[in-house]
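File shown: structure-v2.csv. Contents: CSV, C-alpha atoms.
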```csv
chain,number,residue,atom,x,y,z
A,1,MET,CA,1.7,17.1,-14.4
A,2,VAL,CA,5.3,18.3,-14.2
A,3,VAL,CA,4.8,19.1,-10.5
A,4,LEU,CA,3.3,15.7,-9.7
A,5,VAL,CA,6.0,13.8,-11.6
A,6,GLY,CA,8.6,15.9,-9.8
A,7,ALA,CA,6.9,15.2,-6.4
A,8,PHE,CA,7.0,11.5,-7.2
A,9,LEU,CA,10.7,11.6,-8.1
A,10,VAL,CA,11.6,13.6,-5.0
A,11,THR,CA,9.7,11.2,-2.8
A,12,ARG,CA,11.6,8.2,-4.2
A,13,LEU,CA,14.9,10.0,-4.1
A,14,ILE,CA,14.6,10.9,-0.4
A,15,GLY,CA,13.2,7.5,0.5
A,16,GLU,CA,16.0,5.6,-1.2
A,17,GLY,CA,18.6,7.9,0.3
A,18,LEU,CA,17.4,7.3,3.8
A,19,ILE,CA,17.4,3.5,3.2
A,20,ASN,CA,20.8,3.2,1.4
A,21,TYR,CA,22.8,5.6,3.5
A,22,ILE,CA,21.3,5.4,7.0
A,23,LEU,CA,18.9,2.5,7.7
A,24,GLU,CA,20.5,-0.4,5.8
A,25,PRO,CA,24.0,0.2,7.4
A,26,LEU,CA,22.3,0.5,10.9
A,27,PHE,CA,20.5,-2.8,10.5
A,28,ASN,CA,23.3,-4.7,8.9
A,29,ASN,CA,26.1,-3.5,11.1
A,30,LEU,CA,24.3,-3.1,14.5
A,31,TRP,CA,21.1,-5.1,14.6
A,32,SER,CA,22.1,-8.2,12.6
A,33,PRO,CA,25.0,-9.2,15.0
A,34,VAL,CA,22.6,-8.9,17.9
A,35,LEU,CA,20.1,-11.3,16.2
A,36,LEU,CA,22.9,-13.8,15.3
A,37,ARG,CA,24.0,-13.8,18.9
A,38,LEU,CA,20.4,-14.4,20.0
A,39,SER,CA,20.1,-17.1,17.4
A,40,ASP,CA,23.1,-19.0,18.9
A,41,LEU,CA,21.6,-18.7,22.3
A,42,LEU,CA,18.4,-20.2,21.0
A,43,GLY,CA,20.2,-23.1,19.3
A,44,GLY,CA,19.8,-21.9,15.7
A,45,ALA,CA,16.4,-23.6,15.3
A,46,GLY,CA,13.1,-24.5,17.0
A,47,PHE,CA,9.7,-23.0,17.7
A,48,LEU,CA,10.9,-19.9,19.7
A,49,HIS,CA,13.8,-19.3,17.2
A,50,GLY,CA,11.3,-19.4,14.3
A,51,ILE,CA,9.1,-16.8,15.9
A,52,LEU,CA,11.7,-14.4,17.1
A,53,ILE,CA,14.5,-14.7,14.5
A,54,GLY,CA,12.8,-16.6,11.7
A,55,LYS,CA,14.8,-18.7,9.1
A,56,LEU,CA,18.5,-18.0,8.6
A,57,ILE,CA,19.5,-17.7,5.0
A,58,ASN,CA,23.0,-19.1,4.4
A,59,GLY,CA,23.7,-18.7,8.1
A,60,GLN,CA,22.8,-15.0,8.1
A,61,VAL,CA,19.7,-13.0,9.0
A,62,ASP,CA,17.9,-11.9,5.8
A,63,PHE,CA,15.7,-9.0,7.0
A,64,VAL,CA,13.1,-9.6,4.2
A,65,GLN,CA,13.0,-13.4,4.0
A,66,SER,CA,13.7,-14.5,7.6
A,67,PHE,CA,10.3,-13.3,8.7
A,68,GLY,CA,10.8,-13.3,12.5
A,69,VAL,CA,9.3,-10.8,14.9
A,70,LEU,CA,12.7,-9.3,15.7
A,71,SER,CA,14.1,-9.5,12.1
A,72,SER,CA,11.4,-8.8,9.4
A,73,GLY,CA,9.0,-7.5,12.0
A,74,ILE,CA,11.3,-4.7,13.0
A,75,TYR,CA,12.9,-4.2,9.6
A,76,VAL,CA,9.8,-3.8,7.4
A,77,PRO,CA,8.2,-0.8,9.2
A,78,PHE,CA,11.4,1.1,10.0
A,79,ALA,CA,13.8,0.4,7.1
A,80,VAL,CA,11.4,-0.3,4.2
A,81,VAL,CA,8.2,1.7,4.8
A,82,LEU,CA,9.1,4.6,7.1
A,83,PRO,CA,11.6,6.3,4.7
A,84,TYR,CA,9.0,6.6,2.0
A,85,ILE,CA,6.4,7.7,4.6
A,86,ILE,CA,8.6,10.5,5.6
A,87,SER,CA,9.4,11.6,2.1
A,88,PHE,CA,5.8,11.4,0.9
A,89,TYR,CA,4.4,13.4,3.7
A,90,LEU,CA,7.1,16.0,3.4
A,91,VAL,CA,6.2,16.5,-0.3
A,92,LEU,CA,2.5,16.4,0.4
A,93,GLY,CA,2.9,19.0,3.2
A,94,LEU,CA,4.7,21.3,0.8
A,95,LEU,CA,2.0,21.0,-1.8
A,96,GLU,CA,-0.7,21.6,0.8
A,97,ASP,CA,0.9,24.7,2.2
A,98,THR,CA,1.9,26.4,-1.0
A,99,GLY,CA,-1.7,26.5,-2.3
A,100,TYR,CA,-1.1,24.1,-5.1
A,101,LEU,CA,-3.8,21.6,-4.4
A,102,PRO,CA,-6.9,23.9,-5.0
A,103,ARG,CA,-5.4,24.7,-8.4
A,104,LEU,CA,-4.9,21.1,-9.1
A,105,ALA,CA,-8.6,20.5,-8.4
A,106,VAL,CA,-9.5,23.1,-11.0
A,107,LEU,CA,-7.1,21.6,-13.5
A,108,MET,CA,-8.5,18.1,-13.0
A,109,ASP,CA,-12.2,19.0,-13.1
A,110,THR,CA,-12.8,18.0,-16.7
A,111,VAL,CA,-10.9,14.7,-16.3
A,112,MET,CA,-12.7,13.9,-13.0
A,113,HIS,CA,-16.1,14.5,-14.6
A,114,ARG,CA,-15.4,11.6,-16.9
A,115,LEU,CA,-15.2,9.5,-13.8
A,116,GLY,CA,-18.5,10.7,-12.4
A,117,LEU,CA,-16.8,13.2,-10.0
A,118,HIS,CA,-15.7,16.8,-10.0
A,119,GLY,CA,-12.2,18.2,-9.7
A,120,TYR,CA,-12.2,18.4,-5.9
A,121,ALA,CA,-12.2,14.6,-5.8
A,122,ILE,CA,-8.5,14.7,-6.7
A,123,ILE,CA,-7.8,15.9,-3.1
A,124,PRO,CA,-9.1,12.6,-1.4
A,125,THR,CA,-7.3,10.7,-4.2
A,126,LEU,CA,-4.0,12.4,-3.4
A,127,LEU,CA,-4.6,11.8,0.3
A,128,GLY,CA,-5.1,8.1,-0.6
A,129,LEU,CA,-1.5,8.0,-1.8
A,130,GLY,CA,-0.6,8.6,1.9
A,131,CYS,CA,-3.3,6.5,3.6
A,132,ASN,CA,-6.7,5.3,2.4
A,133,VAL,CA,-8.4,5.9,5.7
A,134,PRO,CA,-8.2,9.8,5.8
A,135,ALA,CA,-8.8,9.7,2.0
A,136,ILE,CA,-12.1,8.0,2.3
A,137,LEU,CA,-13.0,10.3,5.2
A,138,ALA,CA,-12.1,13.2,3.0
A,139,THR,CA,-14.8,12.1,0.4
A,140,ARG,CA,-17.2,14.0,2.6
A,141,ILE,CA,-16.3,17.1,0.7
A,142,LEU,CA,-18.1,15.7,-2.3
A,143,GLU,CA,-21.8,16.8,-2.3
A,144,SER,CA,-23.5,13.7,-3.7
A,145,ARG,CA,-23.8,10.1,-2.4
A,146,ARG,CA,-23.0,8.9,-5.9
A,147,GLY,CA,-19.7,10.9,-5.9
A,148,ARG,CA,-18.7,9.6,-2.5
A,149,PHE,CA,-19.3,6.0,-3.4
A,150,ILE,CA,-17.4,6.2,-6.7
A,151,ALA,CA,-14.5,8.1,-5.1
A,152,ALA,CA,-14.3,5.7,-2.1
A,153,THR,CA,-14.4,2.6,-4.3
A,154,LEU,CA,-11.7,4.0,-6.7
A,155,ILE,CA,-9.5,4.9,-3.7
A,156,SER,CA,-9.9,1.5,-2.1
A,157,ILE,CA,-9.0,-0.4,-5.3
A,158,ALA,CA,-6.6,1.7,-7.4
A,159,VAL,CA,-4.9,4.2,-5.1
A,160,PRO,CA,-2.0,2.5,-3.2
A,161,CYS,CA,-1.2,4.0,0.2
A,162,VAL,CA,2.4,5.2,0.9
A,163,ALA,CA,3.2,2.1,3.0
A,164,LEU,CA,2.3,-0.1,0.1
A,165,GLN,CA,4.2,2.1,-2.3
A,166,ALA,CA,7.3,1.8,-0.1
A,167,MET,CA,7.1,-2.0,-0.6
A,168,VAL,CA,6.6,-1.6,-4.3
A,169,PHE,CA,9.7,0.6,-4.6
A,170,GLY,CA,11.7,-1.6,-2.2
A,171,LEU,CA,10.7,-5.0,-3.5
A,172,VAL,CA,9.5,-4.7,-7.1
A,173,GLY,CA,12.1,-1.9,-7.7
A,174,GLU,CA,14.9,-4.3,-7.1
A,175,ARG,CA,13.9,-6.2,-10.3
A,176,GLY,CA,14.0,-3.0,-12.4
A,177,VAL,CA,12.1,0.3,-12.8
A,178,GLN,CA,10.1,-1.1,-15.7
A,179,TYR,CA,8.3,-3.5,-13.4
A,180,VAL,CA,7.4,-0.6,-11.0
A,181,ALA,CA,6.1,1.2,-14.1
A,182,ILE,CA,3.9,-1.8,-14.9
A,183,VAL,CA,2.4,-1.8,-11.4
A,184,TYR,CA,1.6,1.9,-11.4
A,185,GLY,CA,0.5,1.9,-15.0
A,186,THR,CA,-1.9,-1.0,-14.4
A,187,LEU,CA,-3.4,0.7,-11.3
A,188,PHE,CA,-3.8,4.0,-13.3
A,189,VAL,CA,-5.6,2.2,-16.1
A,190,VAL,CA,-7.9,0.4,-13.6
A,191,TRP,CA,-8.6,3.8,-11.9
A,192,VAL,CA,-9.6,5.4,-15.3
A,193,VAL,CA,-11.5,2.4,-16.8
A,194,LEU,CA,-13.3,1.5,-13.6
A,195,GLY,CA,-14.2,5.2,-12.9
A,196,ILE,CA,-15.7,5.5,-16.4
A,197,ILE,CA,-17.8,2.3,-15.9
A,198,LEU,CA,-19.0,3.4,-12.5
A,199,SER,CA,-19.9,6.8,-13.8
A,200,TYR,CA,-22.4,5.1,-16.1
A,201,ALA,CA,-23.5,2.3,-13.8
A,202,VAL,CA,-24.1,4.4,-10.6
A,203,LYS,CA,-27.1,6.5,-10.7
A,204,GLY,CA,-27.1,10.1,-9.5
A,205,PHE,CA,-25.7,13.5,-10.5
A,206,THR,CA,-22.3,15.2,-10.5
A,207,PRO,CA,-22.4,18.9,-9.3
A,208,GLU,CA,-20.2,21.5,-10.8
A,209,LEU,CA,-17.0,22.7,-9.1
A,210,LEU,CA,-17.2,25.9,-7.0
A,211,ILE,CA,-14.0,26.6,-5.1
A,212,GLU,CA,-12.0,29.6,-3.9
A,213,ILE,CA,-8.4,29.6,-5.0
A,214,PRO,CA,-6.0,31.0,-2.5
A,215,PRO,CA,-2.8,32.8,-3.5
A,216,TYR,CA,0.5,31.0,-3.8
A,217,ARG,CA,2.6,31.4,-0.6
A,218,TRP,CA,5.8,30.2,0.9
A,219,PRO,CA,5.2,27.1,3.1
A,220,PRO,CA,5.6,27.8,6.8
A,221,TRP,CA,8.4,25.3,7.5
A,222,ARG,CA,7.6,24.9,11.2
A,223,ILE,CA,4.1,23.7,10.4
A,224,VAL,CA,5.3,21.5,7.6
A,225,VAL,CA,7.7,19.8,10.0
A,226,GLN,CA,5.1,19.5,12.7
A,227,LYS,CA,2.6,17.8,10.3
A,228,LEU,CA,5.4,15.5,9.1
A,229,TRP,CA,6.2,14.4,12.6
A,230,ILE,CA,2.5,13.9,13.5
A,231,ARG,CA,1.8,11.8,10.4
A,232,SER,CA,5.0,9.7,10.7
A,233,TYR,CA,4.5,9.1,14.4
A,234,GLY,CA,0.9,8.2,13.8
A,235,PHE,CA,2.0,5.6,11.2
A,236,LEU,CA,4.5,4.0,13.5
A,237,LEU,CA,2.0,4.0,16.4
A,238,GLU,CA,-0.5,2.1,14.3
A,239,ALA,CA,1.7,0.0,12.0
A,240,VAL,CA,4.5,-1.4,14.2
A,241,PRO,CA,2.2,-3.3,16.7
A,242,MET,CA,0.1,-4.6,13.9
A,243,ILE,CA,3.1,-5.7,11.8
A,244,LEU,CA,4.7,-7.4,14.8
A,245,GLY,CA,1.4,-9.1,15.7
A,246,ALA,CA,0.9,-10.2,12.1
A,247,VAL,CA,4.3,-11.8,11.9
A,248,PHE,CA,3.8,-13.5,15.2
A,249,ILE,CA,0.4,-14.9,14.2
A,250,ILE,CA,1.6,-16.0,10.8
A,251,ASN,CA,4.4,-18.0,12.3
A,252,ILE,CA,2.0,-19.7,14.7
A,253,LEU,CA,-0.4,-20.6,11.9
A,254,TYR,CA,2.5,-21.9,9.8
A,255,PHE,CA,3.7,-24.0,12.7
A,256,PHE,CA,0.3,-25.7,13.0
A,257,GLY,CA,-0.2,-26.1,9.2
A,258,VAL,CA,-3.3,-23.8,8.9
A,259,PHE,CA,-2.0,-21.9,5.9
A,260,ASN,CA,-1.1,-25.1,4.1
A,261,ALA,CA,-4.7,-26.3,4.2
A,262,ILE,CA,-6.0,-22.9,3.0
A,263,ALA,CA,-3.4,-22.9,0.2
A,264,ASP,CA,-4.5,-26.3,-1.0
A,265,PHE,CA,-8.2,-25.2,-1.1
A,266,THR,CA,-7.5,-21.9,-3.0
A,267,ALA,CA,-4.9,-23.3,-5.4
A,268,PRO,CA,-7.1,-23.3,-8.5
A,269,VAL,CA,-7.6,-19.5,-8.3
A,270,VAL,CA,-4.1,-18.5,-6.9
A,271,SER,CA,-2.1,-20.9,-9.1
A,272,GLY,CA,-4.5,-21.4,-12.0
A,273,LEU,CA,-5.8,-17.9,-12.7
A,274,LEU,CA,-3.0,-15.7,-11.2
A,275,GLY,CA,0.0,-18.0,-11.9
A,276,LEU,CA,1.3,-17.6,-8.3
A,277,PRO,CA,2.5,-20.4,-6.0
A,278,LYS,CA,-0.3,-21.5,-3.7
A,279,GLU,CA,1.7,-20.2,-0.7
A,280,ALA,CA,0.9,-16.7,-1.9
A,281,ILE,CA,-2.6,-17.1,-0.3
A,282,THR,CA,-0.9,-16.2,3.0
A,283,ALA,CA,-0.1,-12.8,1.7
A,284,LEU,CA,-3.7,-12.3,0.4
A,285,PHE,CA,-5.0,-13.0,3.9
A,286,ILE,CA,-2.5,-10.8,5.6
A,287,GLY,CA,-3.5,-8.0,3.3
A,288,LEU,CA,-6.6,-7.6,5.4
A,289,LEU,CA,-4.3,-6.3,8.2
A,290,ARG,CA,-1.6,-4.5,6.3
A,291,LYS,CA,-1.1,-4.5,2.5
A,292,ASP,CA,2.5,-3.4,2.9
A,293,VAL,CA,3.2,-6.5,5.1
A,294,ALA,CA,1.4,-8.7,2.6
A,295,VAL,CA,3.6,-7.5,-0.3
A,296,GLY,CA,6.6,-8.1,1.9
A,297,MET,CA,5.5,-11.7,2.4
A,298,LEU,CA,5.9,-12.3,-1.3
A,299,ALA,CA,9.7,-11.9,-1.0
A,300,PRO,CA,10.5,-15.3,0.6
A,301,LEU,CA,8.5,-17.1,-2.2
A,302,THR,CA,11.3,-16.5,-4.8
A,303,LEU,CA,8.9,-15.3,-7.4
A,304,SER,CA,9.9,-14.3,-10.9
A,305,ALA,CA,9.7,-10.6,-11.8
A,306,GLU,CA,6.4,-11.1,-13.7
A,307,GLN,CA,4.9,-13.1,-10.8
A,308,LEU,CA,5.9,-10.4,-8.4
A,309,VAL,CA,4.2,-7.8,-10.5
A,310,VAL,CA,1.0,-9.9,-10.7
A,311,GLY,CA,1.0,-10.5,-6.9
A,312,THR,CA,1.7,-6.9,-6.1
A,313,VAL,CA,-1.1,-5.6,-8.4
A,314,VAL,CA,-3.6,-8.1,-7.0
A,315,LEU,CA,-2.7,-7.2,-3.4
A,316,ALA,CA,-2.9,-3.5,-4.2
A,317,MET,CA,-6.5,-3.9,-5.6
A,318,PHE,CA,-7.7,-6.6,-3.2
A,319,PHE,CA,-9.3,-6.2,0.2
A,320,PRO,CA,-8.1,-3.0,1.9
A,321,CYS,CA,-6.8,-3.1,5.4
A,322,VAL,CA,-9.2,-3.5,8.4
A,323,ALA,CA,-9.1,0.2,9.2
A,324,THR,CA,-10.2,1.1,5.6
A,325,PHE,CA,-13.0,-1.4,5.8
A,326,ILE,CA,-14.3,0.1,9.0
A,327,VAL,CA,-14.2,3.6,7.5
A,328,LEU,CA,-15.9,2.3,4.3
A,329,LEU,CA,-18.7,0.8,6.4
A,330,ARG,CA,-19.2,4.0,8.4
A,331,GLU,CA,-19.1,6.3,5.3
A,332,LEU,CA,-21.0,4.2,2.8
A,333,GLY,CA,-23.2,2.0,4.9
A,334,VAL,CA,-23.5,-1.8,4.8
A,335,VAL,CA,-25.1,-2.2,1.4
A,336,ASN,CA,-22.7,0.1,-0.5
A,337,MET,CA,-19.7,-1.3,1.4
A,338,LEU,CA,-20.7,-4.8,0.2
A,339,LYS,CA,-21.1,-3.5,-3.3
A,340,ALA,CA,-17.6,-1.9,-3.2
A,341,THR,CA,-16.2,-5.2,-1.8
A,342,GLY,CA,-17.8,-7.2,-4.6
A,343,ILE,CA,-16.3,-4.8,-7.2
A,344,MET,CA,-12.8,-5.2,-5.5
A,345,VAL,CA,-12.9,-9.0,-5.7
A,346,VAL,CA,-14.0,-9.1,-9.4
A,347,VAL,CA,-11.6,-6.4,-10.5
A,348,ALA,CA,-8.6,-7.8,-8.6
A,349,ILE,CA,-9.0,-11.4,-9.9
A,350,SER,CA,-9.8,-10.3,-13.4
A,351,VAL,CA,-6.9,-7.9,-13.7
A,352,GLY,CA,-4.5,-10.4,-12.1
A,353,ALA,CA,-5.6,-13.1,-14.6
A,354,ILE,CA,-5.1,-10.7,-17.5
A,355,LEU,CA,-1.6,-9.7,-16.3
A,356,ASN,CA,-0.7,-13.4,-15.9
A,357,LEU,CA,-1.7,-14.0,-19.5
A,358,ILE,CA,0.1,-10.9,-20.9
A,359,LEU,CA,3.3,-11.2,-18.9
```

Represent the structure contained in this file as structure tokens.
Amino acid sequence: MVVLVGAFLVTRLIGEGLINYILEPLFNNLWSPVLLRLSDLLGGAGFLHGILIGKLINGQVDFVQSFGVLSSGIYVPFAVVLPYIISFYLVLGLLEDTGYLPRLAVLMDTVMHRLGLHGYAIIPTLLGLGCNVPAILATRILESRRGRFIAATLISIAVPCVALQAMVFGLVGERGVQYVAIVYGTLFVVWVVLGIILSYAVKGFTPELLIEIPPYRWPPWRIVVQKLWIRSYGFLLEAVPMILGAVFIINILYFFGVFNAIADFTAPVVSGLLGLPKEAITALFIGLLRKDVAVGMLAPLTLSAEQLVVGTVVLAMFFPCVATFIVLLRELGVVNMLKATGIMVVVAISVGAILNLIL
């Protein structure tokens, strides 16, 4: 537990350091003047200005709220998400190469059996803190179909990927560390309670853990750095085009009023049960593409700290991104994927409504 808490704190420390001392100054001092100059050339308003620059806040580019392709579309992946991607994969690489993870599997075996799994399921769960896609692929190490279904469902619902965690730290963390604790505490409780329910509801067996424990060793730094580069580069290669495309499409749909119609139709659930403004439905839809982008879209809505917590938790547990859905379909099959999806919807709305009442 001390190692995991320490890893969590180091991840946040490195991520915040990269943001505060390197990336924020770069964007504010170098990129912001370029966008303001481009804004003047585009007349400060209009269709093209709205897509490229977004909305100016008090005459300035707000990289979170402006939501243009060249403002928020560039800022979110590079200055909000990437720093935590780098810090998380650095820490994960160290844990992998020192031989700690197999020992963690043994230590967690008793706890994981309560959830219908065995200790080795903690490995896909930890991978899910980086990305849900390789985490669900890693559930193949579990021997039973029952175990793979439970593990994949729990990862999809209650294990936030590192990109989403970066937005939680960056957006929710601004309101106070206690709200970040509520988000993570809620997800942990859901992971435990839902796991216990699924262990009784899903038929099958849970085999015992048989694993060879390697000796502790110093991590080979060259390999750690190589893995860090490959994983970070892979994130940028996948995420940047998707984020830019999502921001572009959203601005187009906003311009033609599509999201306004959807927001009016879903208002009883979004506003009634969850206590969020109806405009938050846009974020829920974009969560199908990227959850980190979806959480970032909550920023312009000027939510209270409590509403931001509810919205973040619901988005974290709601539909996973398209890539995760594809992997779920391939690993679980159509029937089990639909079962997992139904569980996601029920749990996300129920927990969101409970949080709305409590907070």

Calculated over all atoms listed in the file, which of the candidates A:Asp109, A:Glu143, A:Asp292, A:Glu96 has the smallest distance to Tyr84 of chain A?
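Residue with the minimum atom-to-atom distance to Tyr84 of chain A: A:Asp292.
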
Given the point (-11.6, 21.4, -8.8) in the coordinates of this file, which residues lie within 8 Å, counting only C-alpha atoms, and how would they look as a list of chain:residue names?
A:Pro102, A:Arg103, A:Leu104, A:Ala105, A:Val106, A:Leu107, A:Met108, A:Asp109, A:His118, A:Gly119, A:Tyr120, A:Ala121, A:Ile122, A:Leu209, A:Leu210, A:Ile211

Shortest interatomic distance to Thr312 of chain A - which of A:Phe78, A:Phe255, A:Phe169, A:Phe248, counting all atoms listed in the file
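Among the listed residues, A:Phe169 lies closest to Thr312 of chain A.
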
Between atom CA of Asp97 of chain A and atom CA of Val224 of chain A lies a distance of 7.7 Å

Could you work out how far atom CA of Ile123 of chain A lies from atom CA of Val293 of chain A, giving the answer in Å with one decimal?
26.3 Å

Which is closest to Pro134 of chain A among A:Thr324, A:Gly352, A:Ser71, A:Met167, if we use all atoms listed in the file?
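Selected residue with least distance to Pro134 of chain A: A:Thr324.
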
Within 12 Å of segment 40-50 of chain A: each segment 228-282 of chain A residue with its shortest pair, only C-alpha atoms, as a Markdown table:
```
| residue | atom | partner | partner_atom | distance |
| --- | --- | --- | --- | --- |
| A:Val247 | CA | A:Gly50 | CA | 10.6 |
| A:Phe248 | CA | A:Gly50 | CA | 9.6 |
| A:Ile249 | CA | A:Gly50 | CA | 11.8 |
| A:Ile250 | CA | A:Gly50 | CA | 10.9 |
| A:Asn251 | CA | A:Gly50 | CA | 7.3 |
| A:Ile252 | CA | A:Phe47 | CA | 8.9 |
| A:Leu253 | CA | A:Phe47 | CA | 11.9 |
| A:Tyr254 | CA | A:Gly50 | CA | 10.2 |
| A:Phe255 | CA | A:Phe47 | CA | 7.9 |
| A:Phe256 | CA | A:Phe47 | CA | 10.9 |
```

Using only C-alpha atoms, please write the residues we just selected to a file, as a PDB file, in the frame of the given file.
```pdb
ATOM      1  CA  VAL A 247       4.300 -11.800  11.900  1.00  0.00           C
ATOM      2  CA  PHE A 248       3.800 -13.500  15.200  1.00  0.00           C
ATOM      3  CA  ILE A 249       0.400 -14.900  14.200  1.00  0.00           C
ATOM      4  CA  ILE A 250       1.600 -16.000  10.800  1.00  0.00           C
ATOM      5  CA  ASN A 251       4.400 -18.000  12.300  1.00  0.00           C
ATOM      6  CA  ILE A 252       2.000 -19.700  14.700  1.00  0.00           C
ATOM      7  CA  LEU A 253      -0.400 -20.600  11.900  1.00  0.00           C
ATOM      8  CA  TYR A 254       2.500 -21.900   9.800  1.00  0.00           C
ATOM      9  CA  PHE A 255       3.700 -24.000  12.700  1.00  0.00           C
ATOM     10  CA  PHE A 256       0.300 -25.700  13.000  1.00  0.00           C
TER      11      PHE A 256
END
```

Å distance separating atom CA of Ser304 of chain A from atom CA of Pro277 of chain A, one decimal place:
10.8 Å

Using all atoms listed in the file, find the one residue out of A:Leu171, A:Leu94, A:Ile157, A:Leu164 that sits nearest to Ile349 of chain A.
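Closest candidate: A:Ile157.
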
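Nearest residue to Val189 of chain A, choosing from A:Val168, A:Val34, A:Ala299, A:Leu154 and counting all atoms listed in the file: A:Leu154.
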
Could you list, with a cut-off of 12 Å and counting all atoms listed in the file, the residues of segment 262-359 of chain A near segment 173-184 of chain A, each shown with its nearest atom pair and the distance in Å rounded to one decimal, rows sorted by chain and ascending number, as a tab-separated table?
```
residue	atom	partner	partner_atom	distance
A:Ala299	CA	A:Glu174	CA	11.0
A:Thr302	CA	A:Arg175	CA	12.0
A:Leu303	CA	A:Arg175	CA	10.8
A:Ser304	CA	A:Arg175	CA	9.1
A:Ala305	CA	A:Arg175	CA	6.3
A:Glu306	CA	A:Tyr179	CA	7.8
A:Gln307	CA	A:Tyr179	CA	10.5
A:Leu308	CA	A:Tyr179	CA	8.9
A:Val309	CA	A:Val183	CA	6.3
A:Val310	CA	A:Val183	CA	8.2
A:Gly311	CA	A:Val183	CA	9.9
A:Thr312	CA	A:Val183	CA	7.4
A:Val313	CA	A:Val183	CA	6.0
A:Val314	CA	A:Val183	CA	9.7
A:Leu315	CA	A:Val183	CA	10.9
A:Ala316	CA	A:Val183	CA	9.1
A:Met317	CA	A:Val183	CA	10.8
A:Val351	CA	A:Val183	CA	11.4
A:Gly352	CA	A:Val183	CA	11.0
A:Leu355	CA	A:Ile182	CA	9.7
A:Ile358	CA	A:Ile182	CA	11.5
A:Leu359	CA	A:Ile182	CA	10.2
```

Among the residues A:Tyr89, A:Tyr216, A:Phe149, A:Phe318, the one that comes closest to Trp229 of chain A [using only C-alpha atoms]:
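Smallest separation from Trp229 of chain A among the options: A:Tyr89.
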
Contacts of Ile19 of chain A at 8 Å or less, counting all atoms listed in the file, minus same-chain residues fewer than 5 places along, as a ChimeraX atom specification?
/A:24,79-80,83

Around (17.0, -2.4, 5.5), as given in the file, which residues come within 10 Å? Count all atoms listed in the file and list them as a list in words.
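Output: Leu18, Ile19, Asn20, Ile22, Leu23, Glu24, Pro25, Leu26, Phe27, Asn28, Asp62, Phe63, Val64, Ser72, Ile74, Tyr75, Val76, Pro77, Phe78, Ala79, Val80, Val81 and Gly170 of chain A.
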
Which neighbours of Leu273 of chain A fall inside 9 Å, counting all atoms listed in the file, when residues of the same chain fewer than 4 positions from it are skipped, and could you give them as a ChimeraX atom specification?
/A:268-269,349-350,352-354,356-357

Can you write out as a Markdown table which residues of segment 179-266 of chain A fall within 6 Å of segment 112-116 of chain A, alongside each residue's closest atom pair and its distance in Å to one decimal, counting all atoms listed in the file and ordering rows by chain and ascending residue number?
```
| residue | atom | partner | partner_atom | distance |
| --- | --- | --- | --- | --- |
| A:Gly195 | CA | A:Leu115 | CA | 4.5 |
| A:Ile196 | CA | A:Leu115 | CA | 4.8 |
| A:Ser199 | CA | A:Gly116 | CA | 4.4 |
```
